[in-house]
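S.K.: As input, take protein.txt (compact mmCIF, C-alpha atoms (C1' of nucleotides)):
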# COMPACT_ATOMS: atom_id res chain seq x y z
CA MET A 224 -26.91 -77.10 -41.72
CA ASN A 225 -27.73 -76.60 -38.06
CA TYR A 226 -26.38 -74.34 -35.36
CA TRP A 227 -25.37 -75.13 -31.78
CA LEU A 228 -23.80 -73.69 -28.67
CA MET A 229 -21.12 -75.57 -26.75
CA LYS A 230 -19.95 -74.58 -23.29
CA SER A 231 -16.45 -74.89 -21.94
CA GLU A 232 -14.74 -73.56 -18.87
CA PRO A 233 -11.82 -71.54 -20.21
CA ASP A 234 -9.71 -72.62 -17.22
CA SER A 235 -9.84 -76.16 -18.57
CA PHE A 236 -10.24 -75.46 -22.30
CA SER A 237 -10.51 -72.01 -23.84
CA ILE A 238 -10.91 -70.76 -27.39
CA ASP A 239 -7.22 -69.79 -27.29
CA ALA A 240 -6.34 -73.37 -26.40
CA LEU A 241 -8.28 -74.49 -29.46
CA LYS A 242 -6.47 -71.92 -31.57
CA GLN A 243 -3.17 -73.45 -30.51
CA ALA A 244 -4.28 -77.07 -30.88
CA PRO A 245 -2.98 -79.15 -33.80
CA LYS A 246 -5.07 -78.28 -36.88
CA GLN A 247 -7.06 -76.03 -34.52
CA THR A 248 -9.19 -79.12 -33.96
CA THR A 249 -10.16 -81.06 -30.84
CA ALA A 250 -12.46 -83.82 -29.65
CA TRP A 251 -15.17 -82.21 -27.52
CA ASP A 252 -14.92 -84.69 -24.66
CA GLY A 253 -16.16 -84.87 -21.10
CA VAL A 254 -19.88 -84.25 -21.72
CA ARG A 255 -21.70 -86.30 -19.09
CA ASN A 256 -25.33 -85.38 -19.57
CA PHE A 257 -27.71 -87.56 -21.53
CA GLN A 258 -29.54 -84.82 -23.36
CA ALA A 259 -26.29 -83.26 -24.49
CA ARG A 260 -24.92 -86.71 -25.31
CA ASN A 261 -27.85 -87.40 -27.61
CA MET A 262 -27.10 -84.25 -29.58
CA LEU A 263 -23.41 -85.12 -29.89
CA ARG A 264 -24.21 -88.67 -30.93
CA ASP A 265 -27.24 -88.20 -33.16
CA SER A 266 -27.89 -84.65 -34.21
CA MET A 267 -24.68 -82.79 -34.87
CA LYS A 268 -23.57 -83.12 -38.45
CA ARG A 269 -20.39 -82.40 -40.34
CA GLY A 270 -20.50 -78.78 -41.48
CA ASP A 271 -22.75 -77.62 -38.64
CA GLN A 272 -21.44 -74.63 -36.74
CA ALA A 273 -21.45 -73.88 -33.02
CA PHE A 274 -20.81 -70.95 -30.74
CA PHE A 275 -17.90 -71.55 -28.39
CA TYR A 276 -19.17 -70.37 -25.00
CA HIS A 277 -16.97 -69.62 -22.00
CA SER A 278 -18.67 -70.57 -18.74
CA SER A 279 -17.74 -70.34 -15.05
CA CYS A 280 -15.28 -67.53 -15.55
CA ASP A 281 -14.84 -63.79 -15.08
CA VAL A 282 -16.69 -62.85 -18.26
CA PRO A 283 -19.10 -65.60 -19.35
CA GLY A 284 -20.05 -65.28 -22.98
CA ILE A 285 -19.58 -66.37 -26.56
CA ALA A 286 -15.95 -66.31 -27.64
CA GLY A 287 -16.16 -67.48 -31.25
CA ILE A 288 -17.33 -70.07 -33.75
CA VAL A 289 -16.34 -73.68 -34.40
CA SER A 290 -17.48 -76.15 -37.01
CA ILE A 291 -18.20 -79.84 -36.63
CA VAL A 292 -15.57 -81.73 -38.62
CA LYS A 293 -16.24 -85.26 -37.33
CA GLU A 294 -19.59 -86.64 -36.26
CA GLY A 295 -20.32 -88.51 -33.03
CA TYR A 296 -18.02 -91.29 -31.88
CA PRO A 297 -17.28 -92.80 -28.44
CA ASP A 298 -15.64 -90.62 -25.77
CA LYS A 299 -12.40 -92.43 -24.97
CA THR A 300 -11.89 -90.51 -21.72
CA ALA A 301 -14.82 -92.48 -20.26
CA PHE A 302 -12.82 -95.73 -20.62
CA ASP A 303 -9.71 -94.54 -18.75
CA PRO A 304 -9.87 -95.24 -14.98
CA LYS A 305 -7.25 -92.58 -14.33
CA HIS A 306 -9.11 -89.91 -16.26
CA HIS A 307 -11.16 -87.28 -14.51
CA HIS A 308 -14.11 -88.10 -16.77
CA TYR A 309 -13.89 -91.88 -16.28
CA ASP A 310 -17.23 -93.68 -16.15
CA ALA A 311 -17.18 -97.39 -15.25
CA ASP A 312 -20.63 -97.77 -16.81
CA SER A 313 -19.36 -96.86 -20.27
CA LYS A 314 -17.99 -99.98 -21.94
CA ALA A 315 -16.02 -100.17 -25.16
CA ASP A 316 -18.66 -102.42 -26.72
CA ALA A 317 -21.51 -100.27 -25.39
CA PRO A 318 -20.23 -96.73 -25.03
CA ARG A 319 -22.37 -94.38 -23.03
CA TRP A 320 -20.65 -91.09 -23.87
CA PHE A 321 -19.82 -89.51 -27.21
CA VAL A 322 -17.76 -86.70 -28.68
CA VAL A 323 -17.64 -84.77 -31.94
CA ASP A 324 -14.52 -83.14 -33.34
CA VAL A 325 -14.67 -79.38 -33.68
CA LYS A 326 -12.41 -77.03 -35.61
CA LEU A 327 -11.97 -73.34 -34.98
CA VAL A 328 -13.69 -71.15 -37.56
CA ARG A 329 -12.86 -67.85 -35.91
CA LYS A 330 -12.39 -66.19 -32.58
CA PHE A 331 -14.51 -63.09 -32.10
CA LYS A 332 -12.72 -59.79 -31.69
CA ARG A 333 -14.38 -59.56 -28.33
CA ILE A 334 -16.49 -61.76 -26.08
CA ILE A 335 -20.22 -61.35 -26.62
CA THR A 336 -21.07 -61.43 -22.95
CA LEU A 337 -23.88 -63.26 -21.23
CA ASP A 338 -24.90 -59.94 -19.75
CA GLU A 339 -25.23 -58.46 -23.20
CA LEU A 340 -27.18 -61.45 -24.51
CA ARG A 341 -29.57 -61.13 -21.57
CA GLN A 342 -30.42 -57.60 -22.63
CA HIS A 343 -32.13 -59.15 -25.65
CA ALA A 344 -33.79 -62.02 -23.77
CA ALA A 345 -37.20 -60.38 -23.82
CA LYS A 346 -37.37 -59.82 -27.55
CA ALA A 347 -34.86 -60.91 -30.18
CA LEU A 348 -33.45 -63.80 -28.15
CA LYS A 349 -36.58 -64.87 -26.29
CA ASP A 350 -36.19 -68.48 -27.48
CA PHE A 351 -32.45 -68.73 -26.87
CA VAL A 352 -31.98 -71.85 -24.73
CA LEU A 353 -28.89 -70.40 -23.06
CA LEU A 354 -30.99 -67.67 -21.47
CA ARG A 355 -33.67 -69.94 -20.06
CA ARG A 356 -33.84 -70.00 -16.31
CA GLY A 357 -31.82 -72.77 -14.75
CA ASN A 358 -30.40 -73.89 -18.07
CA ARG A 359 -27.52 -76.28 -17.54
CA LEU A 360 -27.07 -78.01 -20.86
CA SER A 361 -23.49 -77.95 -22.05
CA VAL A 362 -24.52 -78.52 -25.66
CA MET A 363 -27.68 -76.93 -27.02
CA PRO A 364 -29.32 -76.08 -30.33
CA VAL A 365 -29.45 -72.51 -31.62
CA THR A 366 -32.06 -71.40 -34.16
CA ASN A 367 -30.97 -69.75 -37.41
CA LYS A 368 -32.70 -66.58 -36.29
CA ASP A 369 -30.85 -66.46 -32.96
CA TRP A 370 -27.56 -67.34 -34.62
CA GLU A 371 -27.84 -64.48 -37.04
CA PHE A 372 -28.93 -62.05 -34.36
CA VAL A 373 -26.00 -62.89 -32.11
CA LEU A 374 -23.63 -62.28 -35.01
CA THR A 375 -24.98 -58.76 -35.37
CA LEU A 376 -23.83 -58.05 -31.80
CA GLU A 377 -20.20 -58.63 -32.56
C1' DG B 1001 -43.13 -95.14 -10.64
C1' DC B 1002 -42.42 -91.89 -6.85
C1' DC B 1003 -39.55 -88.93 -4.51
C1' DA B 1004 -35.85 -87.63 -1.19
C1' DA B 1005 -31.06 -87.22 -1.12
C1' DC B 1006 -27.22 -86.08 -3.37
C1' DG B 1007 -24.03 -84.13 -6.83
C1' DT B 1008 -23.15 -80.80 -10.40
C1' DT B 1009 -23.55 -76.57 -12.97
C1' DG B 1010 -22.69 -72.00 -13.33
C1' DG B 1011 -23.68 -67.15 -12.29
C1' DC B 1012 -22.81 -64.03 -8.81
C1' DG C 312 -17.85 -69.42 -1.25
C1' DC C 313 -22.83 -69.31 -1.83
C1' DC C 314 -26.85 -71.06 -3.58
C1' DA C 315 -30.68 -71.84 -6.99
C1' DA C 316 -31.82 -75.02 -10.29
C1' DC C 317 -31.71 -79.20 -12.14
C1' DG C 318 -30.22 -84.21 -13.34
C1' DT C 319 -29.30 -88.65 -11.45
C1' DT C 320 -29.51 -92.29 -8.16
C1' DG C 321 -31.47 -95.53 -5.27
C1' DG C 322 -34.77 -97.06 -1.69
C1' DC C 323 -39.31 -98.29 -1.40
Show me this structure written as structure tokens.
M.R.:
Amino acid sequence: MNYWLMKSEPDSFSIDALKQAPKQTTAWDGVRNFQARNMLRDSMKRGDQAFFYHSSCDVPGIAGIVSIVKEGYPDKTAFDPKHHHYDADSKADAPRWFVVDVKLVRKFKRIITLDELRQHAAKALKDFVLLRRGNRLSVMPVTNKDWEFVLTLE
DNA sequence: GCCAACGTTGGC
DNA sequence: GCCAACGTTGGC
């Protein structure tokens, strides 16, 4: 089993929105970056877990944990001309963008803030991709070691 | 294949 | 709203 981190802007989709979704499950759509796409399509497996990260908001940080319940399949929002995430270059017979389905495992009692994570960037979390300068990936791998350390912060 | 221009991300 | 950092595009 592998670990991941997935970013979402809570204004568009928060961990509370996931909590209220049918079966507390959603397709993680709208990723439009090839590196992140490759992970969604090829690497993320059923049973893997991911941190749900809130970005571009008052308190950026990790809000909880989700699990992958369905492996990569085409992102339908890319096919819909009216959709915000439409991409004319993604064809039904040759899809360019992919999603996985995620299900809520649990919401943390509190947000583990980016600020707090940064305090460990020099030592315990020195390999954490999220903390690398200029990092912009919306889906990224997390090592077992970093996963476990972050959980101790809650 | 290079690289400038442009768009996006995301923290502040 | 600003801006650094980075990915993507497109001209050459």
S.K.: Give me, as CSV, the closest atom pair and its distance (Å, one decimal) for every residue of chain A within a cut-off of 12 Å of chain C, counting only C-alpha atoms (C1' of nucleotides), rows sorted by chain and rising number.
M.R.:
residue,atom,partner,partner_atom,distance
A:Arg255,CA,C:DG318,C1',10.5
A:Asn256,CA,C:DG318,C1',8.0
A:Phe257,CA,C:DG318,C1',9.2
A:Gln258,CA,C:DG318,C1',10.1
A:Ala259,CA,C:DG318,C1',11.9
A:Arg355,CA,C:DA316,C1',11.2
A:Arg356,CA,C:DA316,C1',8.1
A:Gly357,CA,C:DA316,C1',5.0
A:Asn358,CA,C:DA316,C1',8.0
A:Arg359,CA,C:DC317,C1',7.4
A:Leu360,CA,C:DC317,C1',9.9
S.K.: Can you tell me how far atom CA of A:Lys368 sits from atom CA of A:Arg333, in Å to one decimal?
M.R.: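 That distance, rounded to one decimal, is 21.2 Å.
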S.K.: For atom CA of A:Met229 and atom CA of A:Phe275, determine how far apart the two atoms are, in Å to one decimal place.
M.R.: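 Spanning atom CA of A:Met229 to atom CA of A:Phe275 is a straight-line distance of 5.4 Å.
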S.K.: I'd like the neighbourhood of A:Val323 as an MDAnalysis selection string, where a residue qualifies if any of its atoms comes within 7 Å (using only C-alpha atoms (C1' of nucleotides)), though same-chain residues fewer than 4 positions away should be ignored.
M.R.: chainID A and resid 250:251 263 291 293:296
S.K.: Box along x, y and z, 3 Å on every side, all listed atoms of chain C inside: centre and edge lengths in Å to one decimal, as lines of an AutoDock Vina configuration file.
M.R.:
center_x = -28.6
center_y = -83.8
center_z = -7.3
size_x = 27.5
size_y = 35.0
size_z = 18.1
S.K.: Can you tell me, as a VMD selection string, what residues are no more than 7 Å from A:Lys242 when counting only C-alpha atoms (C1' of nucleotides), ignoring any on the same chain fewer than 4 positions away?
M.R.: chain A and resid 238 247 327
S.K.: Have a look at atom CA of A:His306 and atom CA of A:Leu241 and let me know their distance in Å, one decimal.
M.R.: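 Taking atom CA of A:His306 as the start and atom CA of A:Leu241 as the end point, the length is 20.3 Å.
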S.K.: Between A:Val292, A:Leu354, A:Val322, A:Leu348, which one has atoms that come closest to A:Asn261, using all atoms listed in the file?
M.R.: A:Val322
